[in-house]
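Enquirer: final.cif (mmCIF, C-alpha atoms) pasted underneath:
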data_entry
loop_
_atom_site.label_atom_id
_atom_site.label_comp_id
_atom_site.auth_asym_id
_atom_site.auth_seq_id
_atom_site.Cartn_x
_atom_site.Cartn_y
_atom_site.Cartn_z
CA MET I 1 6.55 27.80 -18.58
CA GLU I 2 9.56 25.52 -18.95
CA SER I 3 12.57 27.33 -20.48
CA ILE I 4 14.63 26.03 -23.40
CA LEU I 5 17.49 25.33 -20.96
CA ASP I 6 15.14 23.36 -18.68
CA GLN I 7 13.96 21.33 -21.67
CA VAL I 8 17.55 20.54 -22.71
CA ILE I 9 18.45 19.49 -19.17
CA THR I 10 15.31 17.31 -18.90
CA SER I 11 16.04 15.70 -22.27
CA LYS I 12 19.65 14.96 -21.30
CA HIS I 13 18.55 13.50 -17.96
CA GLN I 14 15.99 11.24 -19.65
CA SER I 15 18.60 10.07 -22.16
CA ASN I 16 21.08 9.27 -19.38
CA LEU I 17 18.40 7.46 -17.41
CA GLU I 18 17.33 5.34 -20.37
CA SER I 19 20.92 4.17 -20.97
CA PHE I 20 21.56 3.53 -17.27
CA ASN I 21 22.22 -0.16 -16.59
CA PRO I 22 23.40 -0.54 -12.98
CA HIS I 23 24.35 -4.22 -13.29
CA GLN I 24 26.61 -3.63 -16.30
CA ILE I 25 28.17 -0.61 -14.59
CA LEU I 26 28.88 -2.66 -11.50
CA GLU I 27 30.52 -5.42 -13.52
CA SER I 28 32.87 -2.81 -15.04
CA ILE I 29 33.59 -1.38 -11.60
CA LEU I 30 34.54 -4.75 -10.13
CA GLU I 31 37.09 -5.43 -12.90
CA ALA I 32 39.57 -3.35 -10.89
CA LEU I 33 39.62 -6.10 -8.23
CA SER I 34 41.19 -9.54 -8.04
CA GLU I 35 38.95 -12.58 -8.33
CA ARG I 36 38.89 -13.13 -4.54
CA GLU I 37 38.23 -9.46 -3.84
CA GLN I 38 35.36 -9.48 -6.31
CA GLU I 39 33.82 -12.54 -4.71
CA ILE I 40 34.08 -11.07 -1.20
CA ILE I 41 32.48 -7.77 -2.30
CA ARG I 42 29.70 -9.67 -4.08
CA MET I 43 28.98 -11.82 -1.02
CA ARG I 44 29.15 -8.93 1.46
CA HIS I 45 26.75 -6.76 -0.56
CA GLY I 46 24.50 -9.44 -2.08
CA LEU I 47 25.58 -8.70 -5.66
CA GLY I 48 24.99 -10.87 -8.69
CA ASP I 49 23.65 -14.29 -7.72
CA ASN I 50 24.99 -14.02 -4.18
CA GLU I 51 22.97 -13.59 -1.02
CA ARG I 52 24.27 -11.05 1.45
CA ARG I 53 26.73 -12.87 3.75
CA THR I 54 28.17 -12.03 7.17
CA LEU I 55 31.86 -11.47 7.85
CA GLU I 56 31.91 -14.73 9.78
CA ASP I 57 30.40 -16.74 6.90
CA ILE I 58 32.91 -15.36 4.41
CA GLY I 59 35.78 -15.89 6.88
CA LYS I 60 34.89 -19.59 7.16
CA LYS I 61 34.85 -19.93 3.37
CA TYR I 62 38.37 -18.52 3.05
CA SER I 63 39.67 -19.81 6.41
CA VAL I 64 40.46 -16.30 7.66
CA THR I 65 39.22 -14.19 10.57
CA ARG I 66 36.27 -11.84 10.46
CA GLU I 67 38.65 -8.92 10.85
CA ARG I 68 40.69 -10.05 7.85
CA VAL I 69 37.53 -10.17 5.71
CA ARG I 70 36.69 -6.65 6.87
CA GLN I 71 40.18 -5.48 5.89
CA ILE I 72 39.86 -7.03 2.42
CA GLU I 73 36.43 -5.45 1.96
CA ASN I 74 37.66 -1.97 2.98
CA SER I 75 40.80 -2.14 0.83
CA SER I 76 38.73 -3.35 -2.13
CA LEU I 77 36.31 -0.45 -1.79
CA LYS I 78 39.23 2.00 -1.68
CA LYS I 79 40.74 0.37 -4.78
CA ILE I 80 37.42 0.74 -6.64
CA THR I 81 37.15 4.42 -5.74
CA LYS I 82 40.78 5.09 -6.70
CA ASN I 83 40.62 3.31 -10.04
CA PHE I 84 37.11 4.32 -10.99
CA ASP I 85 36.76 6.75 -13.91
CA GLN I 86 35.73 10.10 -12.38
CA THR I 87 33.88 11.09 -15.56
CA TYR I 88 31.86 7.91 -15.23
CA LEU I 89 31.26 8.71 -11.55
CA LYS I 90 29.99 12.18 -12.52
CA GLN I 91 27.51 10.59 -14.92
CA LEU I 92 26.18 8.35 -12.14
CA GLU I 93 25.93 11.37 -9.87
CA ASP I 94 24.06 13.39 -12.53
CA ILE I 95 21.55 10.58 -13.10
CA SER I 96 20.86 10.16 -9.38
CA ASN I 97 20.71 13.91 -8.80
CA GLY I 98 18.26 14.32 -11.69
CA VAL I 99 15.93 11.71 -10.24
CA LEU I 100 16.09 13.24 -6.76
CA SER I 101 15.57 16.78 -8.06
CA GLU I 102 12.38 15.75 -9.86
CA HIS I 103 11.01 14.46 -6.56
CA GLY I 104 11.74 17.35 -4.23
CA GLY I 105 15.37 16.44 -3.47
CA MET I 106 14.48 13.43 -1.34
CA MET I 107 13.07 10.00 -2.11
CA SER I 108 12.24 6.80 -0.28
CA GLU I 109 14.79 4.10 -1.06
CA GLU I 110 12.11 1.97 -2.72
CA ASN I 111 10.88 4.78 -4.99
CA MET I 112 14.37 5.87 -5.98
CA THR I 113 15.27 2.32 -6.93
CA LYS I 114 12.12 2.05 -9.06
CA GLU I 115 12.92 5.31 -10.86
CA LEU I 116 16.48 4.20 -11.62
CA LEU I 117 15.18 0.89 -12.97
CA ILE I 118 13.02 2.60 -15.61
CA ILE I 119 14.72 0.87 -18.58
CA PRO I 120 16.85 -2.07 -17.36
CA GLY I 121 13.93 -3.67 -15.55
CA ASP I 122 13.14 -4.65 -12.02
CA SER I 123 15.67 -7.39 -11.24
CA ILE I 124 17.40 -8.45 -8.04
CA HIS I 125 20.79 -7.87 -9.73
CA ASN I 126 19.95 -4.28 -10.64
CA ARG I 127 18.45 -3.47 -7.26
CA ALA I 128 21.54 -4.67 -5.43
CA ALA I 129 23.79 -2.82 -7.89
CA ILE I 130 21.90 0.46 -7.35
CA LYS I 131 22.17 0.14 -3.59
CA PHE I 132 25.92 -0.53 -3.87
CA ILE I 133 26.48 2.45 -6.20
CA LEU I 134 24.57 4.82 -3.92
CA ASN I 135 26.09 3.58 -0.67
CA GLN I 136 29.67 3.05 -1.78
CA LEU I 137 30.36 5.31 -4.77
CA LEU I 138 28.05 8.27 -4.16
CA LYS I 139 27.95 8.33 -0.37
CA GLU I 140 29.85 11.63 -0.29
CA ARG I 141 27.30 13.28 -2.61
CA PHE I 142 23.98 11.96 -1.30
CA HIS I 143 22.86 11.34 2.23
CA PHE I 144 20.79 8.37 3.34
CA VAL I 145 18.46 9.12 6.26
CA LYS I 146 17.72 5.95 8.21
CA GLU I 147 14.20 4.86 9.00
CA SER I 148 12.78 6.57 12.08
CA LYS I 149 9.54 6.71 14.04
CA HIS I 150 8.08 9.22 11.58
CA THR I 151 9.69 8.38 8.21
CA TYR I 152 10.84 5.45 6.15
CA GLY I 153 14.50 5.43 5.07
CA PHE I 154 15.15 7.93 2.28
CA TRP I 155 17.88 9.45 0.12
CA LYS I 156 18.35 13.20 -0.07
CA THR I 157 20.60 15.76 -1.66
CA PRO I 158 22.54 18.09 0.68
CA GLU I 159 20.47 20.98 -0.67
CA ALA I 160 17.06 19.43 0.09
CA SER I 161 15.28 20.87 3.13
CA THR I 162 13.53 18.47 5.49
CA ASN I 163 11.63 21.52 6.79
CA THR I 164 9.81 21.78 3.46
CA PHE I 165 8.96 18.08 3.64
CA GLU I 166 7.64 18.39 7.21
CA ASP I 167 5.55 21.46 6.35
CA VAL I 168 3.96 19.71 3.37
CA ILE I 169 3.18 16.59 5.41
CA GLU I 170 1.52 18.71 8.11
CA GLN I 171 -0.64 20.34 5.45
CA LEU I 172 -1.57 16.95 3.98
CA HIS I 173 -2.30 15.54 7.44
CA SER I 174 -4.66 18.45 8.15
CA LEU I 175 -6.36 18.20 4.75
CA ILE I 176 -7.05 14.46 5.09
CA ASP I 177 -8.07 14.77 8.74
CA ASN I 178 -10.62 17.46 7.83
CA HIS I 179 -12.00 15.27 5.05
CA GLY I 180 -12.55 12.55 7.64
CA GLU I 181 -12.35 9.42 5.52
CA PRO I 182 -9.85 7.59 3.27
CA LEU I 183 -9.26 8.77 -0.29
CA GLY I 184 -8.01 7.10 -3.44
CA LEU I 185 -4.72 8.63 -4.62
CA ASP I 186 -6.24 10.36 -7.67
CA THR I 187 -9.02 11.91 -5.56
CA LEU I 188 -6.50 12.95 -2.92
CA LEU I 189 -4.31 14.64 -5.54
CA ASP I 190 -7.35 16.51 -6.90
CA LYS I 191 -8.03 17.91 -3.42
CA ILE I 192 -4.35 18.79 -2.92
CA GLU I 193 -4.11 20.62 -6.25
CA SER I 194 -6.84 23.03 -5.17
CA ALA I 195 -5.33 23.62 -1.70
CA GLU I 196 -3.65 26.97 -0.99
CA PHE I 197 -0.36 25.45 0.19
CA TYR I 198 -0.02 23.68 -3.19
CA THR I 199 -1.07 26.50 -5.51
CA SER I 200 1.17 29.02 -3.69
CA ASN I 201 4.33 26.89 -3.99
CA GLU I 202 5.62 26.53 -7.57
CA ASP I 203 8.14 23.89 -6.47
CA LEU I 204 5.38 21.45 -5.56
CA THR I 205 4.22 18.98 -8.22
CA ASP I 206 2.13 15.82 -8.08
CA LYS I 207 5.35 13.83 -8.37
CA VAL I 208 6.86 15.59 -5.34
CA ILE I 209 3.66 15.20 -3.30
CA VAL I 210 3.36 11.48 -4.03
CA ASN I 211 7.02 10.98 -3.18
CA PHE I 212 6.63 12.79 0.16
CA ILE I 213 3.58 10.65 0.96
CA TYR I 214 5.65 7.50 0.49
CA ILE I 215 8.36 8.80 2.85
CA THR I 216 6.18 9.78 5.80
CA LYS I 217 4.72 7.29 8.27
CA LYS I 218 1.92 9.66 9.28
CA LEU I 219 -0.07 8.72 6.17
CA GLU I 220 -0.64 5.19 4.91
CA ALA I 221 -2.61 3.34 2.27
CA ASN I 222 -4.81 0.35 3.06
CA PRO I 223 -4.83 -2.72 0.77
CA TYR I 224 -7.58 -1.05 -1.28
CA ASP I 225 -5.17 1.80 -2.18
CA GLU I 226 -7.03 4.36 -0.10
CA TRP I 227 -4.93 6.92 1.78
CA GLY I 228 -5.62 8.25 5.25
CA LEU I 229 -4.13 8.88 8.67
CA VAL I 230 -2.10 5.96 9.97
CA GLY I 231 -4.19 5.75 13.15
CA TRP I 232 -7.49 5.26 11.32
CA SER I 233 -8.96 1.77 11.69
CA ASP I 234 -9.89 1.61 7.99
CA ILE I 235 -6.29 2.43 7.02
CA THR I 236 -4.35 0.20 9.42
CA PRO I 237 -6.99 -2.07 10.94
CA LYS I 238 -5.61 -3.90 13.96
CA ARG I 239 -8.69 -5.62 15.40
CA MET I 240 -10.31 -8.43 13.43
CA ASN I 241 -13.62 -6.56 13.65
CA ASP I 242 -12.04 -3.56 11.89
CA LYS I 243 -10.89 -5.83 9.07
CA ILE I 244 -14.36 -7.37 8.71
CA TYR I 245 -15.97 -3.94 8.48
CA LEU I 246 -13.43 -2.67 5.93
CA VAL I 247 -13.82 -5.77 3.72
CA LEU I 248 -17.62 -5.57 3.71
CA ARG I 249 -17.57 -1.81 3.07
CA LYS I 250 -15.16 -2.13 0.15
CA GLU I 251 -16.72 -5.24 -1.39
CA ASN I 252 -20.09 -3.47 -1.01
CA LYS I 253 -22.16 -6.64 -0.90
CA PRO I 254 -23.34 -9.24 1.64
CA MET I 255 -20.74 -11.97 2.14
CA HIS I 256 -20.54 -15.41 3.75
CA PHE I 257 -18.35 -15.44 6.85
CA THR I 258 -15.92 -17.89 5.20
CA GLU I 259 -15.61 -15.56 2.20
CA ILE I 260 -14.89 -12.66 4.55
CA ALA I 261 -12.13 -14.70 6.23
CA ASP I 262 -10.61 -15.63 2.85
CA THR I 263 -10.65 -11.99 1.71
CA ILE I 264 -8.99 -10.76 4.90
CA ASN I 265 -6.20 -13.33 4.47
CA LYS I 266 -5.79 -12.43 0.79
CA MET I 267 -5.53 -8.70 1.55
CA GLU I 268 -2.72 -9.35 4.09
CA PHE I 269 -3.49 -6.49 6.47
CA ASP I 270 -0.87 -8.01 8.78
CA HIS I 271 0.54 -11.42 9.68
CA ARG I 272 -2.50 -12.49 11.72
CA LYS I 273 -4.55 -15.19 10.02
CA ALA I 274 -8.33 -14.85 9.98
CA PHE I 275 -10.16 -18.07 10.90
CA PRO I 276 -13.81 -18.54 9.80
CA ALA I 277 -14.95 -19.41 13.33
CA THR I 278 -13.40 -16.21 14.71
CA ILE I 279 -15.00 -14.13 11.95
CA HIS I 280 -18.40 -15.74 12.60
CA ASN I 281 -18.21 -14.94 16.31
CA GLU I 282 -17.38 -11.28 15.59
CA LEU I 283 -20.31 -11.02 13.16
CA ILE I 284 -22.75 -12.54 15.65
CA LEU I 285 -21.73 -10.31 18.56
CA ASP I 286 -21.63 -6.92 16.78
CA LYS I 287 -24.96 -5.24 16.00
CA LYS I 288 -23.59 -3.36 12.98
CA TYR I 289 -23.71 -6.65 11.07
CA VAL I 290 -27.00 -8.26 10.00
CA LEU I 291 -27.53 -11.92 9.15
CA VAL I 292 -29.25 -11.92 5.74
CA GLY I 293 -28.85 -15.53 4.74
CA ARG I 294 -27.36 -18.83 5.86
CA GLY I 295 -23.97 -17.61 7.15
CA ILE I 296 -24.25 -14.46 5.00
CA TYR I 297 -23.87 -11.03 6.61
CA ALA I 298 -24.42 -7.44 5.51
CA LEU I 299 -23.82 -4.04 7.09
CA LYS I 300 -26.71 -2.55 9.01
CA GLU I 301 -25.82 0.85 7.53
CA TRP I 302 -26.89 -0.45 4.12
CA GLY I 303 -30.50 -0.43 5.33
CA TYR I 304 -30.71 -4.03 6.50
CA LYS I 305 -32.51 -4.63 9.80
CA PRO I 306 -31.89 -7.55 12.15
CA GLY I 307 -34.48 -10.24 12.70
CA VAL I 308 -35.73 -13.56 11.44
CA VAL I 309 -37.65 -13.93 8.15
CA SER I 310 -41.04 -13.43 9.82
CA ASP I 311 -39.78 -10.11 11.27
CA VAL I 312 -38.86 -8.97 7.76
CA ILE I 313 -42.34 -9.91 6.50
CA VAL I 314 -43.94 -7.96 9.34
CA GLU I 315 -41.87 -4.91 8.39
CA ILE I 316 -42.93 -5.24 4.73
CA LEU I 317 -46.63 -5.58 5.57
CA ASN I 318 -46.47 -2.66 8.02
CA ALA I 319 -44.93 -0.46 5.36
CA GLY I 320 -47.82 -1.06 2.93
CA ASP I 321 -51.46 -0.08 3.08
CA ARG I 322 -52.84 -3.29 1.67
CA ALA I 323 -52.56 -7.05 1.84
CA LEU I 324 -49.90 -8.59 -0.38
CA SER I 325 -49.78 -11.76 -2.41
CA LYS I 326 -47.24 -14.45 -1.65
CA LYS I 327 -45.32 -13.52 -4.82
CA GLU I 328 -45.17 -9.85 -3.82
CA ILE I 329 -43.97 -10.72 -0.33
CA ILE I 330 -41.27 -13.05 -1.69
CA GLU I 331 -40.01 -10.33 -4.05
CA GLU I 332 -39.73 -7.83 -1.20
CA VAL I 333 -38.12 -10.26 1.25
CA LEU I 334 -35.47 -11.27 -1.32
CA LYS I 335 -34.40 -7.61 -1.48
CA LYS I 336 -33.49 -7.85 2.21
CA ARG I 337 -32.46 -11.46 2.69
CA MET I 338 -30.47 -14.02 0.69
CA ILE I 339 -32.64 -17.08 1.36
CA LYS I 340 -34.71 -19.68 -0.48
CA GLU I 341 -38.30 -18.92 -1.45
CA THR I 342 -39.46 -22.00 0.44
CA THR I 343 -38.09 -20.48 3.67
CA ILE I 344 -40.32 -17.42 3.12
CA GLY I 345 -43.28 -19.68 2.43
CA LEU I 346 -42.71 -21.53 5.72
CA ALA I 347 -42.55 -18.23 7.62
CA LEU I 348 -45.92 -17.17 6.15
CA MET I 349 -47.49 -20.27 7.72
CA ASN I 350 -47.08 -18.68 11.17
CA LYS I 351 -50.78 -18.10 11.98
CA ASP I 352 -49.94 -16.15 15.13
CA ARG I 353 -48.48 -13.36 12.96
CA PHE I 354 -50.02 -13.66 9.47
CA GLN I 355 -53.48 -14.27 8.07
CA LYS I 356 -54.53 -15.09 4.53
CA ASP I 357 -57.73 -13.80 2.93
CA PRO I 358 -59.90 -15.73 0.42
CA LYS I 359 -57.90 -14.19 -2.48
CA GLY I 360 -54.63 -15.61 -1.10
CA ARG I 361 -53.30 -12.25 0.08
CA TYR I 362 -51.49 -11.87 3.41
CA SER I 363 -51.86 -9.32 6.18
CA LEU I 364 -50.93 -9.06 9.86
CA VAL I 365 -53.03 -10.73 12.54
CA GLY I 366 -54.96 -8.29 14.74
#
Would you write the structure of this file as structure tokens?
Expert:
Amino acid sequence: MESILDQVITSKHQSNLESFNPHQILESILEALSEREQEIIRMRHGLGDNERRTLEDIGKKYSVTRERVRQIENSSLKKITKNFDQTYLKQLEDISNGVLSEHGGMMSEENMTKELLIIPGDSIHNRAAIKFILNQLLKERFHFVKESKHTYGFWKTPEASTNTFEDVIEQLHSLIDNHGEPLGLDTLLDKIESAEFYTSNEDLTDKVIVNFIYITKKLEANPYDEWGLVGWSDITPKRMNDKIYLVLRKENKPMHFTEIADTINKMEFDHRKAFPATIHNELILDKKYVLVGRGIYALKEWGYKPGVVSDVIVEILNAGDRALSKKEIIEEVLKKRMIKETTIGLALMNKDRFQKDPKGRYSLVG
């Protein structure tokens, strides 16, 4: 149970977070600089309405060397630190530390920015201001770990253990691998909450777990917000065929090849564009897809069987123990194919395969 002291600390942290406006803070910070120094800092760090500029670009603007711009930038940063109110700095540190502590002491840069933008709103100005505050004012308190082969870039407190993070990720990797297929985040969290590694560690919460998931590169989510191992084809599909299969499985309905191409492009699995002709070729060549209409394909695993309309009729008649009327046959065929009724009628005219009795019912020849 949360203690009274914990509740007071949480309440204070929430209050500080709700009043935190990084853009306003940054404007106050920059008042310690001259107009030219402010402009150079804004251009170098992409603050305000400025895009991030190189030393060379800024040097050309002021007709000075790159090295001179660097000197001005460094002296300006020192002036900010020297003139900045230390009480104010402590407040910024407390806010950032509170956010990190709630998430296991380490957070992806994207998630930390989102948490710090809880009240002011998600603006370019605020995002740039947060990055500047963390990198320039709090760099002695918090450590930024650069993106690597196994993790995205993340912020951490000196006290946070990467060993704990790595142990948790190994447990999650094993849990998902044993499950064998992608999971929605809510379903994944339900499975995690009943796992021994979670129940035996009181420091783990859903918030910490989700944050760790967003830091690691071993687990990823596909565009349908399903989580799985990064190497799985239905998580990070690389081949066009993998994308076709994932789209059909998730849409859970037969689709025209042009619709499949449009959906793949909309989902933005990667930067490769899906062309209808390419999609059609893949569908034709792979036996796990079944043509069920004019340009419309379904998954064989749904119970569809390949073949022309007359093959479907043969299957239907073989499955029954009596002759069927034209209406009955049409109803059954339309459960398996997306075609016009007249197409079914034409197929029934094949006298080498079907015969009609005096009552108008159809059966197989021979």
Enquirer: Please provide the set of residues having any atom within 10 Å of Val64 in chain I, restricted to only C-alpha atoms, with same-chain residues fewer than 6 positions apart removed, written as a list of chain:residue names.
Expert: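 The residues satisfying every condition are I:Leu55, I:Glu56, I:Ile58.
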Enquirer: Between CA of Val145 in chain I and CA of Asn83 in chain I, what is the distance in Å, rounded to a tenth?
Expert: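 Between CA of Val145 in chain I and CA of Asn83 in chain I the gap works out to 28.1 Å.
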Enquirer: Can you list, as a PDB file with C-alpha atoms, keeping the file's coordinate frame, every protein, DNA or RNA residue that comes within 10 Å of Lys287 in chain I when you count all atoms listed in the file, leaving out same-chain residues fewer than 5 positions away?
Expert:
ATOM      1  CA  GLU I 282     -17.380 -11.280  15.590  1.00  0.00           C
ATOM      2  CA  LEU I 299     -23.820  -4.040   7.090  1.00  0.00           C
ATOM      3  CA  LYS I 300     -26.710  -2.550   9.010  1.00  0.00           C
ATOM      4  CA  LYS I 305     -32.510  -4.630   9.800  1.00  0.00           C
ATOM      5  CA  PRO I 306     -31.890  -7.550  12.150  1.00  0.00           C
TER       6      PRO I 306
END
Enquirer: Decode the PyMOL selection byres ((chain I and resi 345) around 12) for the given file into explicit residues and return them as a PyMOL selection string.
Expert: chain I and resi 309-310+313+325-331+333+339-344+346-350+354+362
Enquirer: Please identify all polymer residues within 12 Å of Leu175 in chain I, counting all atoms listed in the file, omitting same-chain residues fewer than 3 positions from it, and present them as a list in words.
Expert: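 After dropping sequence-adjacent residues, the list is Val168, Ile169, Glu170, Gln171, Leu172, Asn178, His179, Gly180, Glu181, Pro182, Leu183, Leu188, Leu189, Asp190, Lys191, Ile192, Glu193, Ser194, Ala195, Glu196, Phe197, Tyr198, Leu219, Trp227, Gly228 and Leu229 of chain I.
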Enquirer: Return the single residue from I:Lys359, I:Arg337, I:Arg239, I:Lys114 that is closest to Phe269 in chain I, with distances computed using all atoms listed in the file.
Expert: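 Answer, going by the shortest atom-to-atom distance: I:Arg239.
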Enquirer: Would you list the residues near (-22.0, -4.5, 0.4) (no more than 12 Å away, in the coordinates of the file, using all atoms listed in the file) as a ChimeraX atom specification?
Expert: /I:244-256,260,289-290,292,296-304
Enquirer: By how many Å are CA of Ala323 in chain I and CA of Ser363 in chain I apart?
Expert: 4.9 Å
Enquirer: Enter the distance from CA of Leu89 in chain I to CA of Glu115 in chain I, in Å, rounded to one decimal.
Expert: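 Those two atoms sit 18.7 Å apart.
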Enquirer: Which residues are close to Asn126 in chain I, i.e. within 9 Å by all atoms listed in the file, leaving aside same-chain residues fewer than 5 positions away? Reply as an mmCIF file with C-alpha atoms, keeping the file's coordinate frame.
Expert:
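The result, stored in part_7.cif:
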data_model
loop_
_atom_site.group_PDB
_atom_site.id
_atom_site.type_symbol
_atom_site.label_atom_id
_atom_site.label_comp_id
_atom_site.auth_asym_id
_atom_site.auth_seq_id
_atom_site.Cartn_x
_atom_site.Cartn_y
_atom_site.Cartn_z
ATOM 1 C CA ASN I 21 22.220 -0.160 -16.590
ATOM 2 C CA PRO I 22 23.400 -0.540 -12.980
ATOM 3 C CA HIS I 23 24.350 -4.220 -13.290
ATOM 4 C CA GLN I 24 26.610 -3.630 -16.300
ATOM 5 C CA LEU I 47 25.580 -8.700 -5.660
ATOM 6 C CA GLY I 48 24.990 -10.870 -8.690
ATOM 7 C CA THR I 113 15.270 2.320 -6.930
ATOM 8 C CA LEU I 117 15.180 0.890 -12.970
ATOM 9 C CA PRO I 120 16.850 -2.070 -17.360
ATOM 10 C CA GLY I 121 13.930 -3.670 -15.550
ATOM 11 C CA LYS I 131 22.170 0.140 -3.590
#
Enquirer: Expanded to explicit residues, what is the PyMOL selection byres ((chain I and resi 101-109) around 8) for this file, as a list in words?
Expert: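 Applied to this file, the PyMOL selection byres ((chain I and resi 101-109) around 8) selects Asn97, Gly98, Val99, Leu100, Glu110, Asn111, Met112, Thr113, Tyr152, Gly153, Phe154, Trp155, Lys156, Thr157, Glu159, Ala160, Ser161, Asp203, Leu204, Lys207, Val208, Asn211, Phe212, Tyr214 and Ile215 of chain I.
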Enquirer: Looking at I:Phe142, I:Trp232, I:Phe275, I:Tyr224, which one is nearest to Glu93 in chain I, with distances taken over all atoms listed in the file?
Expert: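 Of the candidates, the smallest distance to Glu93 in chain I is held by I:Phe142.
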Enquirer: Generate N, CA and C atoms for range 148-167 of chain I and emit them as a short mmCIF file (atom, residue, chain, number, x, y, z; two decimals), keeping the file's coordinate frame.
Expert:
data_model
loop_
_atom_site.label_atom_id
_atom_site.label_comp_id
_atom_site.auth_asym_id
_atom_site.auth_seq_id
_atom_site.Cartn_x
_atom_site.Cartn_y
_atom_site.Cartn_z
N SER I 148 13.02 6.08 10.73
CA SER I 148 12.78 6.57 12.08
C SER I 148 11.32 6.32 12.46
N LYS I 149 10.92 6.87 13.57
CA LYS I 149 9.54 6.71 14.04
C LYS I 149 8.56 7.36 13.07
N HIS I 150 8.99 8.44 12.41
CA HIS I 150 8.08 9.22 11.58
C HIS I 150 8.28 9.06 10.07
N THR I 151 9.43 8.52 9.65
CA THR I 151 9.69 8.38 8.21
C THR I 151 10.33 7.03 7.89
N TYR I 152 10.11 6.60 6.66
CA TYR I 152 10.84 5.45 6.15
C TYR I 152 12.21 5.94 5.69
N GLY I 153 13.17 5.03 5.52
CA GLY I 153 14.50 5.43 5.07
C GLY I 153 14.43 6.12 3.71
N PHE I 154 15.19 7.22 3.56
CA PHE I 154 15.15 7.93 2.28
C PHE I 154 16.50 8.56 1.95
N TRP I 155 16.69 8.76 0.64
CA TRP I 155 17.88 9.45 0.12
C TRP I 155 17.57 10.91 -0.07
N LYS I 156 18.55 11.78 0.15
CA LYS I 156 18.35 13.20 -0.07
C LYS I 156 19.63 13.86 -0.56
N THR I 157 19.46 14.94 -1.27
CA THR I 157 20.60 15.76 -1.66
C THR I 157 20.93 16.68 -0.49
N PRO I 158 22.19 17.17 -0.41
CA PRO I 158 22.54 18.09 0.68
C PRO I 158 21.69 19.36 0.65
N GLU I 159 21.22 19.74 -0.54
CA GLU I 159 20.47 20.98 -0.67
C GLU I 159 19.01 20.85 -0.22
N ALA I 160 18.49 19.63 -0.22
CA ALA I 160 17.06 19.43 0.09
C ALA I 160 16.77 19.76 1.55
N SER I 161 15.67 20.47 1.77
CA SER I 161 15.28 20.87 3.13
C SER I 161 14.23 19.92 3.69
N THR I 162 14.53 19.33 4.83
CA THR I 162 13.53 18.47 5.49
C THR I 162 12.41 19.33 6.08
N ASN I 163 12.68 20.63 6.28
CA ASN I 163 11.63 21.52 6.79
C ASN I 163 10.48 21.63 5.79
N THR I 164 10.83 21.72 4.50
CA THR I 164 9.81 21.78 3.46
C THR I 164 8.96 20.51 3.48
N PHE I 165 9.65 19.38 3.57
CA PHE I 165 8.96 18.08 3.64
C PHE I 165 8.00 18.05 4.82
N GLU I 166 8.46 18.44 6.00
CA GLU I 166 7.64 18.39 7.21
C GLU I 166 6.45 19.34 7.11
N ASP I 167 6.66 20.51 6.52
CA ASP I 167 5.55 21.46 6.35
C ASP I 167 4.47 20.90 5.43
#
